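Enquirer: Have a peek at work_21.cif (mmCIF, C-alpha atoms).
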```cif
data_query
loop_
_atom_site.label_atom_id
_atom_site.label_comp_id
_atom_site.auth_asym_id
_atom_site.auth_seq_id
_atom_site.Cartn_x
_atom_site.Cartn_y
_atom_site.Cartn_z
CA MET A 1 27.84 1.84 -1.26
CA ARG A 2 30.90 3.70 0.03
CA LEU A 3 30.48 7.45 0.14
CA SER A 4 33.00 9.55 -1.71
CA ARG A 5 35.22 11.99 0.18
CA ARG A 6 33.32 14.83 -1.49
CA ALA A 7 29.95 13.47 -0.34
CA LEU A 8 31.23 13.01 3.18
CA LEU A 9 32.55 16.55 3.29
CA ALA A 10 29.26 17.80 1.88
CA GLY A 11 27.46 15.83 4.56
CA VAL A 12 29.54 17.33 7.33
CA ALA A 13 28.95 20.80 5.89
CA ALA A 14 25.22 20.15 5.54
CA ALA A 15 25.02 18.84 9.09
CA LEU A 16 26.83 21.89 10.40
CA ALA A 17 24.43 24.11 8.47
CA LEU A 18 21.37 22.43 9.97
CA PRO A 19 19.70 24.02 12.95
CA ALA A 20 20.17 22.11 16.19
CA ARG A 21 16.52 21.15 16.00
CA ALA A 22 13.86 21.88 13.41
CA ALA A 23 11.14 24.35 14.45
CA GLY A 24 8.35 21.82 13.92
CA PRO A 25 7.79 18.37 12.48
CA VAL A 26 9.37 17.71 9.12
CA GLU A 27 6.69 16.46 6.75
CA ILE A 28 6.63 13.36 4.60
CA VAL A 29 3.37 12.59 2.80
CA MET A 30 2.08 9.24 1.60
CA GLN A 31 0.61 9.46 -1.86
CA GLY A 32 -0.98 7.33 -4.54
CA ASP A 33 -2.61 7.82 -7.90
CA ALA A 34 -6.30 7.25 -8.62
CA ASP A 35 -6.16 3.53 -9.43
CA GLY A 36 -3.44 2.65 -6.91
CA ALA A 37 -0.89 1.76 -9.58
CA HIS A 38 1.69 4.21 -8.19
CA VAL A 39 2.33 4.81 -4.50
CA TRP A 40 5.11 6.83 -2.92
CA PHE A 41 6.54 8.80 -0.02
CA ASP A 42 7.18 12.46 -0.80
CA PRO A 43 9.94 13.24 -0.29
CA ALA A 44 11.52 9.80 -0.48
CA GLY A 45 14.84 11.11 0.80
CA LEU A 46 15.22 13.62 3.61
CA LEU A 47 18.06 15.22 5.59
CA VAL A 48 17.21 16.34 9.16
CA PRO A 49 19.21 17.34 12.23
CA PRO A 50 19.42 15.05 15.26
CA GLY A 51 16.37 15.55 17.43
CA ALA A 52 14.06 16.38 14.54
CA THR A 53 10.50 15.11 14.61
CA VAL A 54 9.33 13.58 11.37
CA ARG A 55 5.61 13.44 10.62
CA TRP A 56 4.05 11.17 8.01
CA THR A 57 0.58 12.07 6.69
CA ASN A 58 -1.55 9.88 4.44
CA ARG A 59 -2.72 12.09 1.56
CA ASP A 60 -3.89 9.14 -0.54
CA PRO A 61 -7.71 9.20 -0.50
CA GLY A 62 -8.09 5.60 -1.60
CA ASN A 63 -5.52 3.62 0.35
CA ALA A 64 -3.97 2.98 3.73
CA HIS A 65 -0.23 3.30 4.26
CA THR A 66 2.34 2.75 6.99
CA ALA A 67 5.71 4.25 7.85
CA THR A 68 7.64 1.33 9.27
CA ALA A 69 11.33 1.23 10.17
CA TYR A 70 13.41 -1.60 8.79
CA HIS A 71 14.18 -3.46 12.00
CA PRO A 72 13.77 -7.02 13.31
CA ALA A 73 11.14 -5.73 15.74
CA ASN A 74 8.95 -4.97 12.72
CA PHE A 75 7.97 -8.25 11.09
CA ASP A 76 11.55 -9.52 11.35
CA ARG A 77 12.72 -7.15 8.65
CA PRO A 78 16.50 -6.52 8.50
CA ARG A 79 17.85 -3.59 10.51
CA ARG A 80 18.45 -0.55 8.32
CA ILE A 81 18.47 2.14 11.02
CA PRO A 82 21.35 3.07 13.36
CA GLU A 83 22.01 0.52 16.08
CA ALA A 84 21.30 3.12 18.77
CA ALA A 85 17.97 4.11 17.24
CA SER A 86 14.55 2.89 18.32
CA PRO A 87 12.39 1.30 15.62
CA TRP A 88 8.94 2.65 14.88
CA ASN A 89 5.82 1.42 13.12
CA SER A 90 2.93 3.78 12.44
CA ASP A 91 0.51 0.90 11.76
CA TYR A 92 -2.00 1.58 9.00
CA LEU A 93 -2.88 5.23 8.51
CA LEU A 94 -6.19 6.00 6.84
CA PRO A 95 -6.52 9.11 4.64
CA GLY A 96 -5.77 12.20 6.69
CA GLU A 97 -4.19 10.33 9.60
CA THR A 98 -0.67 11.15 10.78
CA PHE A 99 2.18 9.59 12.72
CA GLU A 100 5.21 11.25 14.28
CA THR A 101 8.51 10.07 15.67
CA MET A 102 11.64 11.87 16.88
CA LEU A 103 14.96 10.77 15.42
CA THR A 104 17.91 11.43 17.69
CA ALA A 105 20.69 9.01 16.79
CA PRO A 106 22.74 10.23 13.83
CA GLY A 107 22.88 7.98 10.82
CA ILE A 108 20.80 6.55 8.02
CA TYR A 109 17.24 5.36 8.51
CA ASP A 110 15.37 3.30 5.93
CA PHE A 111 11.63 2.74 6.21
CA PHE A 112 8.85 1.16 4.17
CA CYS A 113 5.09 0.92 3.73
CA ILE A 114 3.88 -2.53 4.78
CA PRO A 115 1.40 -3.18 1.94
CA HIS A 116 3.63 -1.50 -0.64
CA GLU A 117 7.17 -2.68 0.07
CA HIS A 118 6.99 -4.96 -2.97
CA ALA A 119 5.91 -1.98 -5.05
CA GLY A 120 8.98 -0.01 -3.95
CA MET A 121 7.28 2.37 -1.52
CA VAL A 122 10.29 3.02 0.71
CA GLY A 123 12.05 6.07 2.07
CA ARG A 124 15.37 7.11 3.57
CA ILE A 125 16.20 9.74 6.18
CA VAL A 126 19.72 10.95 6.94
CA VAL A 127 19.91 12.26 10.49
CA GLY A 128 22.82 14.64 10.91
CA ALA A 129 25.32 13.01 8.60
CA ALA A 130 26.23 9.63 7.20
CA PRO A 131 28.71 7.60 9.27
CA VAL A 132 32.28 8.05 8.03
CA ASP A 133 32.57 4.33 7.31
CA TRP A 134 29.12 4.09 5.69
CA GLN A 135 29.08 1.41 3.01
CA GLY A 136 25.34 0.94 2.64
CA TRP A 137 22.95 -1.47 4.29
CA PRO A 138 23.14 -5.12 3.19
CA ASP A 139 20.43 -6.00 0.67
CA GLY A 140 19.05 -8.77 2.88
CA ASP A 141 15.75 -10.15 1.67
CA LEU A 142 14.36 -6.86 0.45
CA PRO A 143 12.36 -6.93 -2.79
CA ALA A 144 14.22 -5.64 -5.83
CA ALA A 145 11.67 -2.86 -6.24
CA ALA A 146 12.46 -1.58 -2.74
CA LEU A 147 16.22 -1.77 -3.19
CA ALA A 148 15.96 0.17 -6.44
CA ALA A 149 13.87 2.92 -4.87
CA PHE A 150 16.11 4.06 -2.00
CA PRO A 151 17.46 7.54 -2.74
CA ASP A 152 21.22 7.92 -2.87
CA VAL A 153 22.67 9.12 0.43
CA GLY A 154 24.97 11.58 -1.33
CA ALA A 155 22.01 13.12 -3.16
CA ILE A 156 20.03 13.47 0.08
CA ILE A 157 22.95 15.20 1.77
CA ALA A 158 23.57 17.45 -1.21
CA LYS A 159 19.94 18.43 -1.84
CA GLY A 160 18.22 18.05 1.53
CA THR A 161 15.25 16.27 -0.03
CA VAL A 162 14.91 13.80 -2.89
CA PRO A 163 11.57 13.17 -4.64
CA ALA A 164 10.16 9.69 -5.02
CA PRO A 165 11.23 7.72 -8.08
CA GLY A 166 7.87 5.96 -8.26
CA ARG A 167 5.90 9.18 -8.65
CA PRO A 168 4.10 9.23 -12.01
CA ALA A 169 5.17 11.91 -14.47
CA MET B 1 -36.33 -40.39 -7.06
CA LYS B 2 -34.57 -38.66 -9.90
CA ALA B 3 -36.50 -35.48 -9.12
CA LEU B 4 -35.51 -35.66 -5.45
CA SER B 5 -31.88 -36.08 -6.44
CA LEU B 6 -32.09 -33.04 -8.64
CA ILE B 7 -33.66 -31.02 -5.84
CA ALA B 8 -30.98 -32.20 -3.40
CA ALA B 9 -28.26 -31.34 -5.90
CA GLY B 10 -29.81 -27.96 -6.33
CA LEU B 11 -29.85 -27.34 -2.61
CA VAL B 12 -26.20 -28.31 -2.34
CA ALA B 13 -25.33 -26.08 -5.27
CA THR B 14 -27.10 -23.07 -3.80
CA ALA B 15 -25.88 -23.42 -0.21
CA GLY B 16 -23.63 -20.47 0.61
CA VAL B 17 -23.88 -19.07 -2.90
CA ALA B 18 -25.20 -15.56 -3.44
CA PHE B 19 -27.07 -14.70 -6.62
CA ALA B 20 -27.64 -11.44 -8.42
CA ASP B 21 -30.92 -10.68 -6.62
CA ASP B 22 -29.18 -11.12 -3.25
CA VAL B 23 -26.25 -8.84 -3.93
CA MET B 24 -27.73 -5.96 -5.92
CA GLN B 25 -28.17 -3.87 -2.77
CA ALA B 26 -25.60 -3.47 0.00
CA PRO B 27 -24.95 -5.18 2.27
CA PRO B 28 -24.69 -8.55 0.50
CA PRO B 29 -25.52 -11.61 2.62
CA ALA B 30 -22.97 -13.52 4.67
CA PRO B 31 -20.32 -14.73 4.22
CA TYR B 32 -19.68 -11.38 2.54
CA ALA B 33 -18.28 -8.80 4.96
CA ALA B 34 -17.33 -5.17 4.54
CA VAL B 35 -13.68 -4.95 3.56
CA ALA B 36 -13.27 -1.95 5.88
CA SER B 37 -14.31 -4.22 8.76
CA LEU B 38 -11.68 -6.81 7.85
CA VAL B 39 -8.66 -4.60 7.14
CA LYS B 40 -7.83 -0.96 7.67
CA LEU B 41 -9.09 0.67 4.49
CA PRO B 42 -11.48 3.57 3.93
CA ASP B 43 -15.18 2.60 3.99
CA PHE B 44 -15.52 4.09 0.51
CA ILE B 45 -12.60 3.84 -1.89
CA PRO B 46 -12.64 6.48 -4.66
CA GLY B 47 -12.78 4.73 -8.02
CA LEU B 48 -14.06 1.46 -6.59
CA GLY B 49 -16.79 2.17 -4.05
CA THR B 50 -17.71 0.36 -0.84
CA LEU B 51 -16.25 -3.14 -0.99
CA TYR B 52 -17.49 -6.44 0.41
CA VAL B 53 -15.74 -9.81 0.20
CA ASP B 54 -16.03 -13.34 1.53
CA PRO B 55 -12.79 -13.52 3.57
CA ALA B 56 -12.35 -17.17 2.57
CA THR B 57 -11.89 -16.11 -1.05
CA LEU B 58 -8.97 -13.71 -0.46
CA PRO B 59 -7.00 -12.53 -2.26
CA ALA B 60 -8.87 -13.20 -5.52
CA GLY B 61 -12.38 -12.40 -4.41
CA PRO B 62 -14.88 -11.62 -5.87
CA PHE B 63 -15.11 -8.23 -4.19
CA LEU B 64 -18.52 -6.62 -4.61
CA ALA B 65 -18.43 -2.84 -5.03
CA TYR B 66 -21.34 -0.51 -4.25
CA ASP B 67 -22.03 3.16 -4.86
CA HIS B 68 -23.06 5.73 -2.24
CA ASP B 69 -26.69 4.55 -2.52
CA GLY B 70 -25.73 0.93 -1.89
CA LYS B 71 -26.29 -0.13 -5.51
CA LEU B 72 -23.96 -2.78 -6.94
CA VAL B 73 -21.68 -1.27 -9.57
CA SER B 74 -18.93 -3.84 -10.11
CA THR B 75 -17.46 -7.20 -9.24
CA ILE B 76 -13.69 -7.13 -8.77
CA TYR B 77 -11.07 -9.87 -8.75
CA MET B 78 -7.62 -9.14 -7.35
CA ILE B 79 -4.97 -11.44 -8.76
CA PRO B 80 -1.37 -11.18 -7.43
CA ILE B 81 1.07 -10.61 -10.28
CA ALA B 82 3.33 -13.32 -8.84
CA ASP B 83 0.47 -15.82 -9.18
CA LEU B 84 0.24 -15.31 -12.92
CA ASN B 85 2.61 -18.19 -13.63
CA PRO B 86 2.49 -21.67 -15.20
CA ASP B 87 1.82 -23.39 -11.87
CA LYS B 88 -1.12 -21.37 -10.62
CA ARG B 89 -4.75 -21.19 -11.72
CA PHE B 90 -7.83 -19.35 -10.54
CA ASP B 91 -10.79 -21.51 -11.50
CA ASP B 92 -14.50 -21.17 -10.94
CA LEU B 93 -14.42 -17.80 -9.22
CA ALA B 94 -17.91 -16.79 -8.22
CA ALA B 95 -19.64 -14.13 -10.31
CA PRO B 96 -22.87 -13.26 -8.47
CA GLY B 97 -23.32 -9.75 -9.85
CA GLY B 98 -25.32 -10.50 -12.99
CA ALA B 99 -24.92 -8.85 -16.39
CA VAL B 100 -21.58 -7.25 -17.20
CA ASP B 101 -21.49 -4.03 -19.23
CA HIS B 102 -17.71 -3.78 -19.69
CA VAL B 103 -14.43 -4.80 -18.07
CA ASP B 104 -11.38 -2.89 -16.81
CA ILE B 105 -8.06 -4.57 -16.02
CA TYR B 106 -5.22 -2.64 -14.39
CA TYR B 107 -2.21 -2.91 -12.11
CA ASN B 108 -2.48 -2.07 -8.43
CA ALA B 109 0.55 -1.66 -6.18
CA GLY B 110 -1.18 -3.26 -3.20
CA HIS B 111 -3.29 -2.36 -0.18
CA PRO B 112 -4.26 -3.90 3.15
CA GLY B 113 -5.79 -7.30 2.43
CA VAL B 114 -3.78 -7.84 -0.74
CA GLU B 115 -0.33 -6.56 0.25
CA VAL B 116 1.47 -7.35 -2.99
CA PRO B 117 1.30 -5.91 -6.49
CA HIS B 118 -1.72 -7.38 -8.23
CA ALA B 119 -4.14 -6.90 -11.08
CA HIS B 120 -7.65 -5.56 -10.60
CA LEU B 121 -10.12 -7.21 -12.97
CA VAL B 122 -13.23 -5.07 -12.73
CA LEU B 123 -16.50 -6.39 -14.16
CA TRP B 124 -18.68 -3.30 -14.37
CA HIS B 125 -22.42 -3.86 -14.04
CA VAL B 126 -23.06 -0.23 -15.01
CA SER B 127 -22.14 1.81 -18.07
CA ALA B 128 -18.77 3.53 -18.40
CA ALA B 129 -20.53 6.85 -17.81
CA ASP B 130 -22.00 5.53 -14.57
CA GLU B 131 -18.56 4.71 -13.20
CA ALA B 132 -18.76 8.31 -11.98
CA ARG B 133 -21.08 7.03 -9.22
CA VAL B 134 -17.99 5.70 -7.41
CA ALA B 135 -15.43 8.23 -8.62
CA LYS B 136 -15.34 9.96 -5.26
#
```
Is it possible to give me this structure as structure tokens?

Expert:
Amino acid sequence: MRLSRRALLAGVAAALALPARAAGPVEIVMQGDADGAHVWFDPAGLLVPPGATVRWTNRDPGNAHTATAYHPANFDRPRRIPEAASPWNSDYLLPGETFETMLTAPGIYDFFCIPHEHAGMVGRIVVGAAPVDWQGWPDGDLPAAALAAFPDVGAIIAKGTVPAPGRPA
Amino acid sequence: MKALSLIAAGLVATAGVAFADDVMQAPPPAPYAAVASLVKLPDFIPGLGTLYVDPATLPAGPFLAYDHDGKLVSTIYMIPIADLNPDKRFDDLAAPGGAVDHVDIYYNAGHPGVEVPHAHLVLWHVSAADEARVAK
């Protein structure tokens, strides 16, 4: 995916508008419906400034979730975070548990939930702005459900947050 | 001699097999183990209850589900969607929970222990109204 000139300009403007560092952790919650048929990160797409701390909280009372960066260090998954970034893996979070990490390297970070990658429980964070030559991460061996669920980078930059597509109506 | 053979066959058939009387109250006998002790999941899962499984039977189960008082409420099988194909069968799954009142079948996106989308086949040993015992 190559970003349009308009999206890039919007990204630069959005990045300039962001505070140098958020006041506190930026929240992403892990959710699921009563019978576990739908699971999702909310928001699924997020724009933050470099140096922001992102906190994931499991709000699903009946399931465990992870926030795991796409990176070879995590179960040999393909790298879908900036080369300069450090990968993270929350391990399983039970209901009410949280995990935080600070994202400093600008770029696009994709992450997934270990037991729910095949169900499309993935998320994307844009730190600062998208690289000028951003053309999207290679599909690699990701499940089709995951590939279909990543929010559009242009939409994240334009809106700041993008809700999860897997969230039931 | 024939009687001895029948007794021996019976002993073989019952070795390692739990029956309804054994599993009606939690915890069921070994090799069943609490799911929460095997993988990171809540001890009590709203909608299902407290689950036990013989690890050797994963992912299909049966999983035995108990209410807050330790009473058996359902037997659950978890069948990966990808395994519902012409080349795969699930035969002779154990069913130690006794009489079945009704059955629910629904999709589940996955969870620790069965990390792929799968179907829950829930054999309820209680009435639909009594499902509330494990609602939360």

Enquirer: If the PyMOL selection byres ((chain B) within 9 of (chain A)) were run on this exact file, what residues would it hold? Put them as a PyMOL selection string.

Expert: chain B and resi 40-42+44-48+106-117

Enquirer: With distances taken over only C-alpha atoms, which of B:Leu64, B:Ala99, B:Val53, B:Leu72 is nearest to Ser37 in chain B?

Expert: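 Among the listed residues, the smallest separation from Ser37 in chain B belongs to B:Val53.
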
Enquirer: Looking at all atoms listed in the file, which of A:Pro106, A:Ala158, A:Gly140, A:Trp40 is the one that sits closest to Ala84 in chain A?

Expert: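 Ranking A:Pro106, A:Ala158, A:Gly140, A:Trp40 by distance to Ala84 in chain A, first place goes to A:Pro106.
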
Enquirer: Residues at most 8 Å from Glu100 in chain A, counting all atoms listed in the file, excluding those fewer than 6 positions away in the same chain, as a ChimeraX atom specification?

Expert: /A:25,53-56

Enquirer: Using all atoms listed in the file, which of the listed residues (B:His68, B:Pro96, B:Thr50, B:Ala128) sits closest to Pro29 in chain B?

Expert: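 Among B:His68, B:Pro96, B:Thr50, B:Ala128, it is B:Pro96 that comes nearest to Pro29 in chain B.
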
Enquirer: How far is it from CA of Ile76 in chain B to CA of Ala145 in chain A, in Å with one decimal?

Expert: 25.8 Å

Enquirer: Please measure the separation of CA of Gln25 in chain B and CA of Gly70 in chain B, giving the value in Å to one decimal.

Expert: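 So the answer is 5.5 Å.
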
Enquirer: Any chance you could work out the axis-aligned box around range 65-81 of chain B, listed atoms only, 4 Å on each side, giving centre and edge lengths in Å to one decimal, as lines of an AutoDock Vina configuration file?

Expert:
```
center_x = -12.8
center_y = -2.9
center_z = -6.1
size_x = 35.8
size_y = 25.2
size_z = 16.4
```

Enquirer: Near range 71-79 of chain A, within 8 Å and counting all atoms listed in the file, which residues show up once chain neighbours fewer than 2 positions away are dropped, as a ChimeraX atom specification?

Expert: /A:68-69,81,87-89,140-141

Enquirer: Suppose you want the space between CA of Asp101 in chain B and CA of Ala65 in chain B; what is it in Å?

Expert: 14.6 Å

Enquirer: How would you write, as a list in words, the residues chosen by the PyMOL selection byres ((chain B and resi 122) around 7) on this structure?

Expert: Ser74, Thr75, Ile76, Tyr77, Val103, Asp104, Ile105, His120, Leu121, Leu123 and Trp124 of chain B

Enquirer: Could you pull the residues within 8 Å of Thr161 in chain A, counting all atoms listed in the file, minus those fewer than 6 positions along the same chain, as a ChimeraX atom specification?

Expert: /A:43-47

Enquirer: Counting only C-alpha atoms, select every polymer residue within 7 Å of (-2.3, -13.6, -1.6) as defined in the file's coordinates, and provide the selection as a ChimeraX atom specification.

Expert: /B:58-59,80,114

Enquirer: Can you list what the PyMOL selection byres ((chain B and resi 98) around 9) grabs from this structure, as a ChimeraX atom specification?

Expert: /B:19-21,24,95-97,99-100,125

Enquirer: Here is a test: counting all atoms listed in the file, which residue of B:Ile79, B:Val35, B:Leu51, B:Glu131 is nearest to His102 in chain B?

Expert: B:Glu131

Enquirer: Measuring between only C-alpha atoms, which one of A:Pro49, A:Gly123, A:Pro82, A:Pro138 shows the shortest distance to Met30 in chain A?

Expert: A:Gly123

Enquirer: Could you tell me which of B:Asp83, B:Asp67, B:Asp130, B:Asp54 comes closest to His118 in chain B if we count all atoms listed in the file?

Expert: B:Asp83
